[in-house]
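Asks: Next up is a structure, given as structure tokens.
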Amino acid sequence: MKKFKFLSLFLVLALVLAACSNSNSSSGEGGDSGGSNDGGEGKLDIFSWWTGAGEEDGLNALIDLFKEKHPDVDVENAAVAGGAGTNAKAVLASRMQGDDPPATFQVHGGAELNEGWVAAGKMEPLNDLYEENGWNDKFPEDLIDMVSKDGDIYSVPVDIHRGNVLWYNTKVFEENGVEVPTTFDEFFAAADKLKAAGVTPLALGDKEPWTATQIFENVLLGQLGPDDYKKLFNGELSFTDPKVKESAEIFKKMLSYINEDHSSRNWQDASQLVANGEAAMNIMGDWAKGYFVNDLDLKVKEDFGWTETPGTDGMFMIITDTFGLPKGVSNPDDVKKFLTVLGSVEGQDVFNPLKGSIPARVDADKSKYDAYGQETMEDFKDASLAPSLAHGSAAAEGFLTKVNQAVNIFVTQQNVDQFIDSLDQASAELK
Ligand code: BGC
């Protein structure tokens, strides 16, 4: 039943978006949802949503490394643009439905993989690949759990992204005498000061609504702590809990400090406001660091700084991008070769410094990472992990879609009671 619901939801999304899939594919060479399958020509098509503007540098480096090691394999970058997989997930669903799976595809560890593609019987287990490569103690146990179901492992993590990061423009903070906020009281005090000085305190680009959901989930984490936050998704804590309402009130207050044109910007456009000093802060996963450094040429700690989102010190909103082996591809050996490179120290260390993330492996070469990466690797070791909802780890797609809708309405209408009601109703999807 669950499987059916999941697939039909994706099918509907796929139908809506299939028409624009071609125009969304990178450099016009990939993302064709209706064309040849990977197997016919033995092509290794790598499906993701990493296309340009801070997203694709790491992928390109990984593909180059793979080509160096396996020049005989024909690789295609089949990326479909759109932050957090906004369009890619629908195109993927349509390909999977049409028995035309990509050779391998980006999928978040957690519910998106396990309750999605694994539950639908679409993925091959990779326990043997883990054994062969000696990976079982090379990835943190918590991470292996996120890509496992019923004792089998289904994908290989390429990165660990952190979702609870508040980025700030150091010069704007300095010029306005603003301290780095660690609590909501401090955040709002800073925001008032900045607003009075004519600077937008918080940049938001919610043209794709997941960015606003990401702010809200970070408020929830800060208010509830990791244990209660997780309980929201296994039904042990209701969305009508007073602390969720309190979080909605805080979120509402934060919305009074954002840029007016938020709904016409995406996450990169919002990050730009911080980069050029029009806004002071944004809340975004650390792919924003990849964007700041690689695309906008900003210097870590000099031009921008970061801290955990208010109240989440010692916590780590975890997002992991992983790749697996779909059932029915005709070149599984080539896919395993790619996964082997992606899961190697070398693979992780060409990808992650560019992507903004930290390596998923515990034995990567720290010296290849900048100050942000090195500090985040340290933080990760002792932090309490919380799976991101906005990025598909905490709950399956059906629930996330409804939350994104509710958040989107809330950003415009700002009716707390109605918002809580929508979240509570959406939680029926979690059962
Ligand atoms: C992915 C990241 C990506 C971000 C923005 C997240 O869902 O995990 O790899 O950079 O979306 O597109």
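Chain lettering (A, B, ...) mirrors the order of the structure tokens, residue numbering begins at 1 for each chain separately, and ligand numbering begins at 1 in order of display.
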Segment 83-85 of chain A: which residues within 10 Å, counting only C-alpha atoms, same-chain residues fewer than 5 positions away excluded, as a VMD selection string?
Replies: chain A and resid 48 to 51 55 90 to 92 106 to 108 208 to 211 266 to 268 390 to 392
Asks: Which residues come within 6 Å of His262 of chain A, counting only C-alpha atoms, excluding same-chain residues fewer than 4 positions away, as a list in words?
Replies: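 Neighbouring residues, sequence-local ones excluded: Leu204, Gly205 and Asp206 of chain A.
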Asks: Using N, CA, C and O atoms, can you write the selected residues to a file as a PDB file, in the first residue's frame?
Replies:
ATOM      1  N   LEU A 204      16.552  34.909   1.873  1.00  0.00           N
ATOM      2  CA  LEU A 204      15.812  33.668   1.576  1.00  0.00           C
ATOM      3  C   LEU A 204      15.512  33.647   0.078  1.00  0.00           C
ATOM      4  O   LEU A 204      15.205  34.669  -0.531  1.00  0.00           O
ATOM      5  N   GLY A 205      15.613  32.482  -0.516  1.00  0.00           N
ATOM      6  CA  GLY A 205      15.224  32.291  -1.910  1.00  0.00           C
ATOM      7  C   GLY A 205      14.330  31.069  -1.967  1.00  0.00           C
ATOM      8  O   GLY A 205      14.813  29.949  -2.103  1.00  0.00           O
ATOM      9  N   ASP A 206      13.017  31.281  -1.792  1.00  0.00           N
ATOM     10  CA  ASP A 206      12.132  30.115  -1.715  1.00  0.00           C
ATOM     11  C   ASP A 206      11.273  29.941  -2.965  1.00  0.00           C
ATOM     12  O   ASP A 206      10.138  29.465  -2.903  1.00  0.00           O
TER      13      ASP A 206
END
Asks: Looking only at the backbone, which of the residues in segment 45-148 of chain A does DSSP tag as strand (DSSP E or B), as a list of chain:residue names?
Replies: A:Asp45, A:Ile46, A:Phe47, A:Val75, A:Glu76, A:Asn77, A:Val80, A:Thr104, A:Phe105, A:Gln106, A:Val107, A:His108, A:Met123, A:Ser148
Asks: Limited to N, CA and C atoms, could you put the picked residues into a file as a PDB file, in the first residue's frame?
Replies:
ATOM      1  N   ASP A  45      25.304   6.245 -17.321  1.00  0.00           N
ATOM      2  CA  ASP A  45      24.736   7.576 -17.095  1.00  0.00           C
ATOM      3  C   ASP A  45      24.534   7.814 -15.606  1.00  0.00           C
ATOM      4  N   ILE A  46      25.125   8.911 -15.167  1.00  0.00           N
ATOM      5  CA  ILE A  46      25.135   9.245 -13.747  1.00  0.00           C
ATOM      6  C   ILE A  46      24.116  10.348 -13.527  1.00  0.00           C
ATOM      7  N   PHE A  47      23.075  10.015 -12.779  1.00  0.00           N
ATOM      8  CA  PHE A  47      21.932  10.916 -12.642  1.00  0.00           C
ATOM      9  C   PHE A  47      22.010  11.661 -11.303  1.00  0.00           C
ATOM     10  N   VAL A  75      30.946   7.382 -20.171  1.00  0.00           N
ATOM     11  CA  VAL A  75      30.209   8.016 -19.066  1.00  0.00           C
ATOM     12  C   VAL A  75      29.359   9.166 -19.581  1.00  0.00           C
ATOM     13  N   GLU A  76      28.149   9.285 -19.050  1.00  0.00           N
ATOM     14  CA  GLU A  76      27.328  10.449 -19.386  1.00  0.00           C
ATOM     15  C   GLU A  76      26.854  11.125 -18.106  1.00  0.00           C
ATOM     16  N   ASN A  77      27.057  12.431 -18.033  1.00  0.00           N
ATOM     17  CA  ASN A  77      26.531  13.194 -16.907  1.00  0.00           C
ATOM     18  C   ASN A  77      25.073  13.531 -17.213  1.00  0.00           C
ATOM     19  N   VAL A  80      19.964  16.781 -13.896  1.00  0.00           N
ATOM     20  CA  VAL A  80      18.762  17.592 -14.152  1.00  0.00           C
ATOM     21  C   VAL A  80      18.739  18.711 -13.105  1.00  0.00           C
ATOM     22  N   THR A 104      23.172   4.815 -12.394  1.00  0.00           N
ATOM     23  CA  THR A 104      23.228   5.089 -10.954  1.00  0.00           C
ATOM     24  C   THR A 104      22.658   6.483 -10.720  1.00  0.00           C
ATOM     25  N   PHE A 105      22.092   6.718  -9.546  1.00  0.00           N
ATOM     26  CA  PHE A 105      21.482   8.039  -9.313  1.00  0.00           C
ATOM     27  C   PHE A 105      21.706   8.526  -7.891  1.00  0.00           C
ATOM     28  N   GLN A 106      21.718   9.843  -7.776  1.00  0.00           N
ATOM     29  CA  GLN A 106      21.850  10.512  -6.474  1.00  0.00           C
ATOM     30  C   GLN A 106      20.589  10.261  -5.660  1.00  0.00           C
ATOM     31  N   VAL A 107      20.781   9.814  -4.440  1.00  0.00           N
ATOM     32  CA  VAL A 107      19.619   9.619  -3.574  1.00  0.00           C
ATOM     33  C   VAL A 107      20.076   9.869  -2.138  1.00  0.00           C
ATOM     34  N   HIS A 108      19.237  10.554  -1.358  1.00  0.00           N
ATOM     35  CA  HIS A 108      19.608  10.823   0.031  1.00  0.00           C
ATOM     36  C   HIS A 108      19.493   9.566   0.866  1.00  0.00           C
ATOM     37  N   MET A 123      16.102  -1.540  -5.915  1.00  0.00           N
ATOM     38  CA  MET A 123      17.561  -1.433  -5.747  1.00  0.00           C
ATOM     39  C   MET A 123      18.196  -2.782  -5.439  1.00  0.00           C
ATOM     40  N   SER A 148      20.859   1.496   4.813  1.00  0.00           N
ATOM     41  CA  SER A 148      20.563   0.069   4.975  1.00  0.00           C
ATOM     42  C   SER A 148      19.107  -0.149   5.303  1.00  0.00           C
TER      43      SER A 148
END
Asks: Please build the interface table for segment 330-418 of chain A against segment 158-182 of chain A with a cut-off of 7 Å, listing for each qualifying residue the nearest atom pair and the distance in Å to one decimal; count only C-alpha atoms, order rows by chain and increasing number, and write it as CSV.
Replies:
residue,atom,partner,partner_atom,distance
A:Leu342,CA,A:Val158,CA,6.1
A:Gly343,CA,A:Val158,CA,6.3
A:Gln348,CA,A:Val158,CA,6.2
A:Asn352,CA,A:Asp159,CA,6.5
A:Ser357,CA,A:His161,CA,4.8
A:Ile358,CA,A:Ile160,CA,5.3
A:Pro359,CA,A:Asp159,CA,4.9
A:Ala360,CA,A:Asp159,CA,4.7
Asks: Where in segment 147-269 of chain A does DSSP assign helix (DSSP H, G or I), given as number ranges by chain?
Replies: A: 170-175, 184-196, 210-231, 242-255, 262-264, 267-269
Asks: One number please: atom CA of Ile144 of chain A to atom CA of Gly285 of chain A, in Å, one decimal.
Replies: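 Separating atom CA of Ile144 of chain A from atom CA of Gly285 of chain A is a distance of 21.1 Å.
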Asks: My list of candidates is A:Lys207, A:Ser393, A:Asp334, A:Leu354. Which is closest to Asp295 of chain A when distances are computed with only C-alpha atoms?
Replies: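 Distance minimum relative to Asp295 of chain A lands on A:Leu354.
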Asks: Which residue, A:Glu115, A:Asp321, A:Asp128, A:Glu56, has the smallest gap to ligand 1 when you use only C-alpha atoms and all ligand atoms?
Replies: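 Distance minimum relative to ligand 1 lands on A:Asp321.
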Asks: Go through A:Leu129, A:Ala78, A:Val118, A:Val274 one by one, measure the shortest atom-to-atom distance of each to Asp333 of chain A using only C-alpha atoms, and give the residue with the smallest value.
Replies: A:Leu129
Asks: Excluding Lys243 of chain A and its own-chain neighbours fewer than 3 positions away, which residues fall within 12 Å of it when counting only C-alpha atoms? Please give them as an MDAnalysis selection string.
Replies: chainID A and resid 219:225 228:229 232 237:240 246:250 420
Asks: For a quick check of understanding, using only C-alpha atoms, which of A:Gly116, A:Pro353, A:Gly311, A:Gly110 has the smallest distance to Phe233 of chain A?
Replies: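 Of all the options, A:Gly110 lies closest to Phe233 of chain A.
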Asks: Could you work out how far atom CA of Val300 of chain A lies from atom CA of Gln374 of chain A, giving the answer in Å with one decimal?
Replies: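 About the pair atom CA of Gln374 of chain A and atom CA of Val300 of chain A: they are 11.8 Å apart.
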Asks: Looking at only C-alpha atoms and all ligand atoms, which of A:Lys289, A:Lys368, A:Lys230, A:Lys301 is the one that sits closest to ligand 1?
Replies: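 Selected residue with least distance to ligand 1: A:Lys289.
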